[in-house]
Structure formats: structure tokens, C-alpha cells
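Peer 1: Questions regarding the structure given below will be posed in turn.
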Amino acid sequence: KLITEDQAEVYFVDYGNSVTTPVSTLYSMRGLGVSAYTLPHQAVECYLCGWDPSYLEVFNDMVDDSTVFKVTVVDMSDSEAMPTVTLSVIVDEETTISIIDAVCMKLAEDEGSTSGSTTTSPPREIKQGNSTLLTPPPSQTPT
């Protein structure tokens, strides 16, 4: 959005923030054709099911630029509200791991190592269609 002749406001649909930047720093989309101007945003704001802000640091340590995610809409009950989604990491063609479950397992593992516990139970596997979800045993789920 052009604010002045020299300044534009740029909205980042992936992060949801806006910045004001000099027009001279922007790239022209003219070579992309008219259809590039008529496309809707290619991101959708949503709620992440089971997310807690305290998970962010562990999440950032677990993923990188090569991580491939699967997003599944779990609730779209109100057409005016944002959808609720689950986020899973795609391990291979047959296995996905819920990011919430993976974070909880990592937190439980870290908690066990700091409390002197040396034994941990393996995660439980739950089949969901063609996916295998790994979930922490109840004894390892942080409270």
C-alpha cells in the first residue's frame, strides 16, 4: 500500500506484521503478468490447537528451514472465525509427528533429565489414516 510517493506499507501474510519501507527497495511485479495482482493472499491466519507460548523455544530448536509440515484443519465451525489447525512434521511418506506432542515429549525428557530420572517410556503410536502420530505417555506429559 502506497503511503507517500516515496514510502509504502508492506504486509507480510506469513507473519502478519507490516513495515513501512522506501519504495526504492521494492521489486516490480510487472513482469509477472496481470494475474499476480489479482491473486488472494497465499496464507491464512489460524489458531494452532494445543499451543502454549512456553513451547516456542523448544519448537524453534526442533525445526529448521528444511522441516516440512503438514497442516490439518480440525475446526471451522464458525465461518467468520479463524480455523483451528494441528501442525505435524512430515518424517517420511507414512509418518508424521504432531509438533505439540513432540514438544511435550522434549519438555518431559528435559524435565526427567533435570530431576535425576534415567528411565523414560517410549512414545505411544496412534494411527490416523495414513499417518502415525507419536504421543508422549501420560506420565511424561508436563502439567
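Identifiers for the C-alpha cells are assigned positionally: chains receive A, B, ... in sequence, residues are indexed from 1 per chain, and ligands are indexed from 1 in the order shown.
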Could you pull the residues within 12 Å of A:Gly16, counting only C-alpha atoms, minus those fewer than 3 positions along the same chain, as a compact mmCIF listing (two decimals) with N, CA and C atoms, in the first residue's frame?
Peer 2:
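The result, written out as result-v9.txt:
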# COMPACT_ATOMS: atom_id res chain seq x y z
N VAL A 10 4.16 -2.51 3.64
CA VAL A 10 4.19 -3.89 3.14
C VAL A 10 3.65 -4.79 4.24
N TYR A 11 2.65 -5.60 3.88
CA TYR A 11 2.04 -6.55 4.82
C TYR A 11 2.58 -7.94 4.52
N PHE A 12 3.17 -8.58 5.51
CA PHE A 12 3.71 -9.93 5.37
C PHE A 12 2.64 -10.93 5.79
N VAL A 13 2.06 -11.63 4.82
CA VAL A 13 0.95 -12.53 5.13
C VAL A 13 1.41 -13.74 5.94
N VAL A 19 5.38 -3.41 7.70
CA VAL A 19 6.50 -2.48 7.83
C VAL A 19 6.34 -1.39 6.79
N HIS A 41 -4.28 -13.42 -0.93
CA HIS A 41 -3.15 -13.76 -0.07
C HIS A 41 -2.95 -15.27 -0.08
N ALA A 43 -1.69 -17.08 2.36
CA ALA A 43 -1.55 -17.54 3.74
C ALA A 43 -2.88 -17.28 4.44
N VAL A 44 -3.17 -18.08 5.45
CA VAL A 44 -4.42 -17.94 6.19
C VAL A 44 -4.09 -17.87 7.67
N GLU A 45 -4.58 -16.85 8.34
CA GLU A 45 -4.39 -16.75 9.78
C GLU A 45 -5.23 -17.82 10.46
N CYS A 46 -4.67 -18.49 11.46
CA CYS A 46 -5.39 -19.58 12.12
C CYS A 46 -4.91 -19.73 13.56
Peer 1: For A:Thr21, work out the shell of residues within 10 Å, counting only C-alpha atoms and skipping chain neighbours fewer than 6 positions away, then give it as a list of chain:residue names.
Peer 2: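 Final neighbour list, sorted by chain and number: A:Leu2, A:Ile3, A:Asp6, A:Gln7, A:Ala8, A:Glu9, A:Val10.
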Peer 1: Residues of the last selection are to be written out with all heavy atoms, as a PDB file, in the first residue's frame.
Peer 2:
ATOM      1  N   LEU A   2       0.695   2.095  -0.959  1.00  0.00           N
ATOM      2  CA  LEU A   2       1.499   3.308  -1.086  1.00  0.00           C
ATOM      3  C   LEU A   2       1.045   4.326  -0.044  1.00  0.00           C
ATOM      4  O   LEU A   2      -0.136   4.678   0.029  1.00  0.00           O
ATOM      5  CB  LEU A   2       1.355   3.871  -2.504  1.00  0.00           C
ATOM      6  CG  LEU A   2       2.395   4.870  -2.960  1.00  0.00           C
ATOM      7  CD1 LEU A   2       3.798   4.266  -2.896  1.00  0.00           C
ATOM      8  CD2 LEU A   2       2.098   5.331  -4.371  1.00  0.00           C
ATOM      9  N   ILE A   3       1.967   4.766   0.809  1.00  0.00           N
ATOM     10  CA  ILE A   3       1.642   5.748   1.855  1.00  0.00           C
ATOM     11  C   ILE A   3       1.944   7.152   1.357  1.00  0.00           C
ATOM     12  O   ILE A   3       1.132   8.057   1.484  1.00  0.00           O
ATOM     13  CB  ILE A   3       2.435   5.441   3.139  1.00  0.00           C
ATOM     14  CG1 ILE A   3       1.991   4.093   3.694  1.00  0.00           C
ATOM     15  CG2 ILE A   3       2.242   6.531   4.177  1.00  0.00           C
ATOM     16  CD1 ILE A   3       2.799   3.616   4.874  1.00  0.00           C
ATOM     17  N   ASP A   6       7.225   8.213  -1.780  1.00  0.00           N
ATOM     18  CA  ASP A   6       8.485   7.512  -1.529  1.00  0.00           C
ATOM     19  C   ASP A   6       8.376   6.348  -0.542  1.00  0.00           C
ATOM     20  O   ASP A   6       9.330   5.595  -0.371  1.00  0.00           O
ATOM     21  CB  ASP A   6       9.534   8.491  -0.977  1.00  0.00           C
ATOM     22  CG  ASP A   6       9.834   9.609  -1.953  1.00  0.00           C
ATOM     23  OD1 ASP A   6       9.696   9.383  -3.170  1.00  0.00           O
ATOM     24  OD2 ASP A   6      10.209  10.703  -1.495  1.00  0.00           O
ATOM     25  N   GLN A   7       7.238   6.186   0.139  1.00  0.00           N
ATOM     26  CA  GLN A   7       7.088   5.174   1.188  1.00  0.00           C
ATOM     27  C   GLN A   7       5.894   4.255   0.917  1.00  0.00           C
ATOM     28  O   GLN A   7       4.843   4.707   0.462  1.00  0.00           O
ATOM     29  CB  GLN A   7       6.888   5.830   2.563  1.00  0.00           C
ATOM     30  CG  GLN A   7       8.067   6.658   3.053  1.00  0.00           C
ATOM     31  CD  GLN A   7       9.203   5.771   3.525  1.00  0.00           C
ATOM     32  OE1 GLN A   7       9.013   4.855   4.311  1.00  0.00           O
ATOM     33  NE2 GLN A   7      10.398   6.046   3.023  1.00  0.00           N
ATOM     34  N   ALA A   8       6.076   2.976   1.229  1.00  0.00           N
ATOM     35  CA  ALA A   8       4.994   2.005   1.066  1.00  0.00           C
ATOM     36  C   ALA A   8       4.885   1.164   2.336  1.00  0.00           C
ATOM     37  O   ALA A   8       5.886   0.910   3.017  1.00  0.00           O
ATOM     38  CB  ALA A   8       5.262   1.099  -0.134  1.00  0.00           C
ATOM     39  N   GLU A   9       3.665   0.737   2.636  1.00  0.00           N
ATOM     40  CA  GLU A   9       3.446  -0.191   3.736  1.00  0.00           C
ATOM     41  C   GLU A   9       3.356  -1.591   3.124  1.00  0.00           C
ATOM     42  O   GLU A   9       2.594  -1.822   2.191  1.00  0.00           O
ATOM     43  CB  GLU A   9       2.165   0.125   4.491  1.00  0.00           C
ATOM     44  CG  GLU A   9       1.914  -0.826   5.644  1.00  0.00           C
ATOM     45  CD  GLU A   9       0.624  -0.518   6.391  1.00  0.00           C
ATOM     46  OE1 GLU A   9      -0.257   0.159   5.819  1.00  0.00           O
ATOM     47  OE2 GLU A   9       0.497  -0.979   7.526  1.00  0.00           O
ATOM     48  N   VAL A  10       4.163  -2.515   3.642  1.00  0.00           N
ATOM     49  CA  VAL A  10       4.193  -3.886   3.145  1.00  0.00           C
ATOM     50  C   VAL A  10       3.646  -4.793   4.235  1.00  0.00           C
ATOM     51  O   VAL A  10       4.105  -4.748   5.375  1.00  0.00           O
ATOM     52  CB  VAL A  10       5.632  -4.315   2.767  1.00  0.00           C
ATOM     53  CG1 VAL A  10       5.656  -5.763   2.304  1.00  0.00           C
ATOM     54  CG2 VAL A  10       6.203  -3.387   1.704  1.00  0.00           C
TER      55      VAL A  10
END
Peer 1: Write out as a count of residues only each polymer residue whose atoms come within 9 Å of A:Ile100, counting only C-alpha atoms; drop sequence neighbours fewer than 6 positions from it.
Peer 2: 10
Peer 1: Show me, as a PyMOL selection string, the residues that have an atom within 9 Å of A:Val91 when counting only C-alpha atoms, minus same-chain residues fewer than 4 positions from it.
Peer 2: chain A and resi 67-68+95-97
Peer 1: Kindly give the distance, in Å, that separates atom CA of A:Val73 and atom CA of A:Asp14, rounded to a single decimal.
Peer 2: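 Distance between the two atoms: 17.2 Å.
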Peer 1: Let me make sure I understand: among A:Gln42, A:Asp65, A:Asn60, A:Glu80, which one has the smallest atom-to-atom distance to A:Tyr15 if we use only C-alpha atoms?
Peer 2: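 Under the stated criterion, the closest residue is A:Gln42.
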Peer 1: Which neighbours of A:Leu56 fall inside 12 Å, counting only C-alpha atoms, when residues of the same chain fewer than 5 positions from it are skipped, and could you give them as a PyMOL selection string?
Peer 2: chain A and resi 51+61-63+99-100+103-104+107
